[in-house]
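Structure file coords25.csv; described as CSV, N, CA, C and O atoms.
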```csv
chain,number,residue,atom,x,y,z
A,1,MET,N,9.6,-0.2,28.3
A,1,MET,CA,8.4,-0.8,27.8
A,1,MET,C,8.6,-2.2,27.3
A,1,MET,O,9.5,-2.4,26.5
A,2,ASN,N,7.8,-3.1,27.8
A,2,ASN,CA,8.0,-4.5,27.3
A,2,ASN,C,7.2,-4.7,26.0
A,2,ASN,O,6.4,-3.9,25.6
A,3,GLU,N,7.5,-5.9,25.3
A,3,GLU,CA,6.8,-6.1,24.1
A,3,GLU,C,5.3,-6.2,24.2
A,3,GLU,O,4.6,-5.6,23.3
A,4,SER,N,4.8,-6.8,25.2
A,4,SER,CA,3.3,-6.9,25.3
A,4,SER,C,2.6,-5.6,25.5
A,4,SER,O,1.5,-5.4,25.0
A,5,SER,N,3.2,-4.6,26.1
A,5,SER,CA,2.6,-3.3,26.3
A,5,SER,C,2.8,-2.3,25.2
A,5,SER,O,2.1,-1.3,25.0
A,6,SER,N,3.8,-2.7,24.3
A,6,SER,CA,4.1,-1.8,23.2
A,6,SER,C,3.2,-2.0,22.0
A,6,SER,O,3.2,-1.2,21.0
A,7,GLY,N,2.5,-3.1,22.0
A,7,GLY,CA,1.6,-3.5,20.9
A,7,GLY,C,2.4,-4.1,19.7
A,7,GLY,O,1.8,-4.3,18.6
A,8,THR,N,3.6,-4.5,19.9
A,8,THR,CA,4.4,-5.1,18.8
A,8,THR,C,4.8,-6.5,19.2
A,8,THR,O,5.6,-7.1,18.5
A,9,GLY,N,4.4,-7.0,20.3
A,9,GLY,CA,4.8,-8.4,20.7
A,9,GLY,C,4.0,-9.5,20.0
A,9,GLY,O,3.2,-9.2,19.1
A,10,PRO,N,4.3,-10.7,20.4
A,10,PRO,CA,3.7,-11.9,19.8
A,10,PRO,C,2.1,-11.8,20.0
A,10,PRO,O,1.6,-11.3,21.0
A,11,GLY,N,1.5,-12.2,18.9
A,11,GLY,CA,0.0,-12.2,19.0
A,11,GLY,C,-0.6,-11.0,18.5
A,11,GLY,O,-1.8,-10.9,18.4
A,12,THR,N,0.2,-9.9,18.2
A,12,THR,CA,-0.4,-8.7,17.7
A,12,THR,C,-0.1,-8.6,16.2
A,12,THR,O,0.9,-9.2,15.8
A,13,GLY,N,-0.8,-7.8,15.5
A,13,GLY,CA,-0.5,-7.7,14.1
A,13,GLY,C,-1.2,-6.4,13.6
A,13,GLY,O,-1.8,-5.7,14.4
A,14,ARG,N,-1.1,-6.3,12.3
A,14,ARG,CA,-1.8,-5.1,11.7
A,14,ARG,C,-2.3,-5.5,10.3
A,14,ARG,O,-1.7,-6.4,9.7
A,15,VAL,N,-3.3,-4.9,9.9
A,15,VAL,CA,-3.8,-5.1,8.5
A,15,VAL,C,-3.6,-3.8,7.7
A,15,VAL,O,-3.9,-2.7,8.2
A,16,VAL,N,-2.9,-3.9,6.6
A,16,VAL,CA,-2.7,-2.7,5.7
A,16,VAL,C,-3.5,-2.9,4.5
A,16,VAL,O,-3.3,-4.0,3.8
A,17,LEU,N,-4.3,-2.0,4.1
A,17,LEU,CA,-5.1,-2.1,2.9
A,17,LEU,C,-4.5,-1.1,1.9
A,17,LEU,O,-4.4,0.1,2.1
A,18,LEU,N,-4.0,-1.7,0.8
A,18,LEU,CA,-3.4,-0.9,-0.2
A,18,LEU,C,-4.3,-0.9,-1.4
A,18,LEU,O,-4.7,-1.9,-2.0
A,19,THR,N,-4.8,0.3,-1.7
A,19,THR,CA,-5.7,0.5,-2.8
A,19,THR,C,-5.0,1.1,-4.0
A,19,THR,O,-4.1,1.9,-3.8
A,20,THR,N,-5.5,0.8,-5.2
A,20,THR,CA,-5.0,1.4,-6.4
A,20,THR,C,-6.1,1.9,-7.2
A,20,THR,O,-7.3,1.6,-6.9
A,21,THR,N,-5.8,2.6,-8.2
A,21,THR,CA,-6.8,3.2,-9.1
A,21,THR,C,-6.4,2.9,-10.6
A,21,THR,O,-5.2,2.8,-10.8
A,22,HIS,N,-7.4,2.9,-11.4
A,22,HIS,CA,-7.1,2.6,-12.9
A,22,HIS,C,-6.2,3.8,-13.5
A,22,HIS,O,-5.7,3.7,-14.5
A,23,ARG,N,-6.2,4.9,-12.8
A,23,ARG,CA,-5.5,6.1,-13.2
A,23,ARG,C,-4.0,6.0,-13.0
A,23,ARG,O,-3.2,6.8,-13.6
A,24,VAL,N,-3.5,5.0,-12.2
A,24,VAL,CA,-2.1,4.8,-12.0
A,24,VAL,C,-1.7,3.6,-12.8
A,24,VAL,O,-2.3,2.5,-12.7
A,25,ALA,N,-0.6,3.8,-13.6
A,25,ALA,CA,-0.2,2.7,-14.4
A,25,ALA,C,0.3,1.5,-13.6
A,25,ALA,O,0.9,1.7,-12.5
A,26,PRO,N,0.0,0.3,-14.0
A,26,PRO,CA,0.4,-0.9,-13.3
A,26,PRO,C,1.9,-0.9,-13.0
A,26,PRO,O,2.7,-0.5,-13.9
A,27,GLY,N,2.3,-1.2,-11.8
A,27,GLY,CA,3.7,-1.2,-11.4
A,27,GLY,C,4.2,0.1,-10.8
A,27,GLY,O,5.3,0.1,-10.2
A,28,LEU,N,3.4,1.1,-10.9
A,28,LEU,CA,3.8,2.4,-10.4
A,28,LEU,C,3.2,2.7,-9.0
A,28,LEU,O,2.2,3.3,-8.9
A,29,LEU,N,3.8,2.1,-8.0
A,29,LEU,CA,3.4,2.3,-6.6
A,29,LEU,C,4.4,3.2,-5.9
A,29,LEU,O,5.5,3.3,-6.3
A,30,SER,N,3.9,3.8,-4.9
A,30,SER,CA,4.8,4.7,-4.1
A,30,SER,C,5.8,3.8,-3.3
A,30,SER,O,5.6,2.6,-3.1
A,31,TRP,N,7.0,4.4,-2.9
A,31,TRP,CA,8.0,3.6,-2.2
A,31,TRP,C,7.4,3.0,-0.9
A,31,TRP,O,7.6,1.9,-0.6
A,32,PRO,N,6.6,3.8,-0.1
A,32,PRO,CA,6.0,3.2,1.1
A,32,PRO,C,5.0,2.0,0.7
A,32,PRO,O,5.0,1.1,1.5
A,33,ALA,N,4.4,2.1,-0.4
A,33,ALA,CA,3.5,1.0,-0.8
A,33,ALA,C,4.3,-0.3,-1.1
A,33,ALA,O,4.0,-1.4,-0.6
A,34,TRP,N,5.4,-0.1,-1.8
A,34,TRP,CA,6.3,-1.2,-2.1
A,34,TRP,C,6.9,-1.8,-0.8
A,34,TRP,O,7.0,-3.0,-0.6
A,35,GLN,N,7.3,-0.9,0.1
A,35,GLN,CA,7.8,-1.4,1.4
A,35,GLN,C,6.8,-2.2,2.2
A,35,GLN,O,7.1,-3.2,2.7
A,36,ALA,N,5.6,-1.7,2.2
A,36,ALA,CA,4.5,-2.4,2.9
A,36,ALA,C,4.3,-3.8,2.3
A,36,ALA,O,4.2,-4.8,3.0
A,37,LEU,N,4.3,-3.9,1.0
A,37,LEU,CA,4.2,-5.2,0.3
A,37,LEU,C,5.3,-6.1,0.6
A,37,LEU,O,5.2,-7.3,0.9
A,38,ARG,N,6.6,-5.6,0.5
A,38,ARG,CA,7.8,-6.4,0.7
A,38,ARG,C,7.9,-6.9,2.1
A,38,ARG,O,8.5,-8.0,2.3
A,39,THR,N,7.5,-6.2,3.1
A,39,THR,CA,7.7,-6.5,4.5
A,39,THR,C,6.5,-7.3,5.1
A,39,THR,O,6.6,-7.7,6.2
A,40,ALA,N,5.4,-7.4,4.3
A,40,ALA,CA,4.2,-8.1,4.9
A,40,ALA,C,4.5,-9.6,5.0
A,40,ALA,O,5.2,-10.2,4.2
A,41,HIS,N,3.9,-10.1,6.0
A,41,HIS,CA,3.9,-11.6,6.2
A,41,HIS,C,3.0,-12.3,5.3
A,41,HIS,O,3.3,-13.4,4.9
A,42,ARG,N,2.0,-11.6,4.9
A,42,ARG,CA,1.0,-12.2,3.9
A,42,ARG,C,0.4,-11.1,3.1
A,42,ARG,O,0.0,-10.0,3.6
A,43,VAL,N,0.3,-11.3,1.8
A,43,VAL,CA,-0.3,-10.4,0.9
A,43,VAL,C,-1.5,-11.1,0.1
A,43,VAL,O,-1.3,-12.2,-0.4
A,44,LEU,N,-2.6,-10.5,0.2
A,44,LEU,CA,-3.8,-11.1,-0.5
A,44,LEU,C,-4.4,-10.2,-1.5
A,44,LEU,O,-4.3,-8.9,-1.3
A,45,CYS,N,-4.9,-10.7,-2.6
A,45,CYS,CA,-5.6,-9.9,-3.6
A,45,CYS,C,-6.9,-10.7,-4.0
A,45,CYS,O,-6.8,-11.9,-4.3
A,46,ALA,N,-8.0,-10.0,-4.0
A,46,ALA,CA,-9.3,-10.6,-4.3
A,46,ALA,C,-9.4,-10.9,-5.8
A,46,ALA,O,-10.2,-11.8,-6.2
A,47,ASP,N,-8.7,-10.2,-6.6
A,47,ASP,CA,-8.8,-10.3,-8.1
A,47,ASP,C,-7.6,-11.0,-8.7
A,47,ASP,O,-6.5,-10.4,-8.8
A,48,PRO,N,-7.7,-12.3,-9.1
A,48,PRO,CA,-6.5,-12.9,-9.7
A,48,PRO,C,-6.0,-12.3,-11.0
A,48,PRO,O,-4.9,-12.6,-11.4
A,49,ALA,N,-6.8,-11.5,-11.6
A,49,ALA,CA,-6.4,-10.8,-12.8
A,49,ALA,C,-6.1,-9.3,-12.6
A,49,ALA,O,-6.1,-8.6,-13.6
A,50,HIS,N,-5.8,-8.9,-11.4
A,50,HIS,CA,-5.5,-7.5,-11.1
A,50,HIS,C,-4.3,-7.1,-11.9
A,50,HIS,O,-3.3,-7.8,-11.9
A,51,PRO,N,-4.3,-5.9,-12.5
A,51,PRO,CA,-3.2,-5.5,-13.3
A,51,PRO,C,-1.9,-5.2,-12.6
A,51,PRO,O,-0.8,-5.2,-13.1
A,52,GLN,N,-2.0,-5.1,-11.2
A,52,GLN,CA,-0.7,-4.9,-10.5
A,52,GLN,C,0.0,-6.2,-10.1
A,52,GLN,O,1.2,-6.2,-9.8
A,53,LEU,N,-0.7,-7.3,-10.2
A,53,LEU,CA,-0.2,-8.6,-9.7
A,53,LEU,C,1.1,-9.0,-10.4
A,53,LEU,O,2.1,-9.5,-9.8
A,54,PRO,N,1.2,-8.9,-11.7
A,54,PRO,CA,2.5,-9.3,-12.4
A,54,PRO,C,3.7,-8.5,-11.8
A,54,PRO,O,4.8,-9.1,-11.7
A,55,TYR,N,3.5,-7.2,-11.5
A,55,TYR,CA,4.6,-6.4,-11.0
A,55,TYR,C,4.9,-6.7,-9.6
A,55,TYR,O,6.1,-6.7,-9.2
A,56,VAL,N,3.9,-7.0,-8.8
A,56,VAL,CA,4.1,-7.4,-7.4
A,56,VAL,C,4.9,-8.7,-7.4
A,56,VAL,O,5.8,-8.8,-6.6
A,57,ARG,N,4.5,-9.7,-8.2
A,57,ARG,CA,5.2,-10.9,-8.2
A,57,ARG,C,6.6,-10.8,-8.7
A,57,ARG,O,7.6,-11.4,-8.2
A,58,GLU,N,6.8,-9.9,-9.7
A,58,GLU,CA,8.2,-9.7,-10.3
A,58,GLU,C,9.1,-9.0,-9.2
A,58,GLU,O,10.3,-9.3,-9.2
A,59,ALA,N,8.5,-8.3,-8.3
A,59,ALA,CA,9.2,-7.7,-7.2
A,59,ALA,C,9.5,-8.7,-6.1
A,59,ALA,O,10.2,-8.3,-5.1
A,60,GLY,N,9.1,-9.9,-6.2
A,60,GLY,CA,9.4,-11.0,-5.3
A,60,GLY,C,8.4,-11.1,-4.1
A,60,GLY,O,8.6,-11.8,-3.2
A,61,VAL,N,7.2,-10.4,-4.3
A,61,VAL,CA,6.2,-10.5,-3.2
A,61,VAL,C,5.3,-11.7,-3.6
A,61,VAL,O,4.8,-11.9,-4.7
A,62,GLN,N,5.2,-12.6,-2.6
A,62,GLN,CA,4.3,-13.8,-2.8
A,62,GLN,C,2.9,-13.5,-2.5
A,62,GLN,O,2.6,-12.9,-1.5
```
What would the structure in this file look like if it were written as structure tokens?
Amino acid sequence: MNESSSGTGPGTGRVVLLTTTHRVAPGLLSWPAWQALRTAHRVLCADPAHPQLPYVREAGVQ
């Protein structure tokens, strides 16, 4: 299978929506959630005061 038919080649991408709840303490994300953030090409957050942001930045995610 070549890159273009596998869906992983140039020009393709994916969007991952990571949601949190106030019931989870800031910084306590699952391992898959941290992996998704660390390997993402771009991470966006609509709320500049989101309680998770300091922990995400501390983990080296831009």
Determine the nearest neighbour of Gly27 in chain A from the options A:Ala40, A:Val15, A:Leu53, A:Cys45, counting all atoms listed in the file.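 Ranked by minimum distance to Gly27 in chain A, first place goes to A:Leu53.
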Where does DSSP see helix (DSSP H, G or I) in chain A, if you list the residues as an MDAnalysis selection string?
-> chainID A and resid 3:6 31:39 53:58
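Between atom O of His50 in chain A and CA of Pro26 in chain A there is a distance of 8.0 Å.
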Computed gap from atom O of Thr19 in chain A to CA of His41 in chain A is 18.6 Å
| Using only C-alpha atoms, which residue out of A:Gly11, A:Pro48, A:Leu17, A:Val43 lies closest to Val61 in chain A? |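 Nearest to Val61 in chain A: A:Val43.
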Which neighbours of Gln52 in chain A fall inside 8 Å, counting all atoms listed in the file, when residues of the same chain fewer than 6 positions from it are skipped, and could you give them as number ranges by chain?
-> A: 24-28, 58-59
inquiry  = I'd like the interatomic distance between atom O of His22 in chain A and atom N of Arg42 in chain A, to a tenth of an Å.
reply    =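 Interatomic distance, atom O of His22 in chain A to atom N of Arg42 in chain A: 25.9 Å.
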Counting only C-alpha atoms, the residue among A:Arg23, A:Gly13, A:Ala49, A:Gly60 that lies closest to Gln35 in chain A is A:Gly60
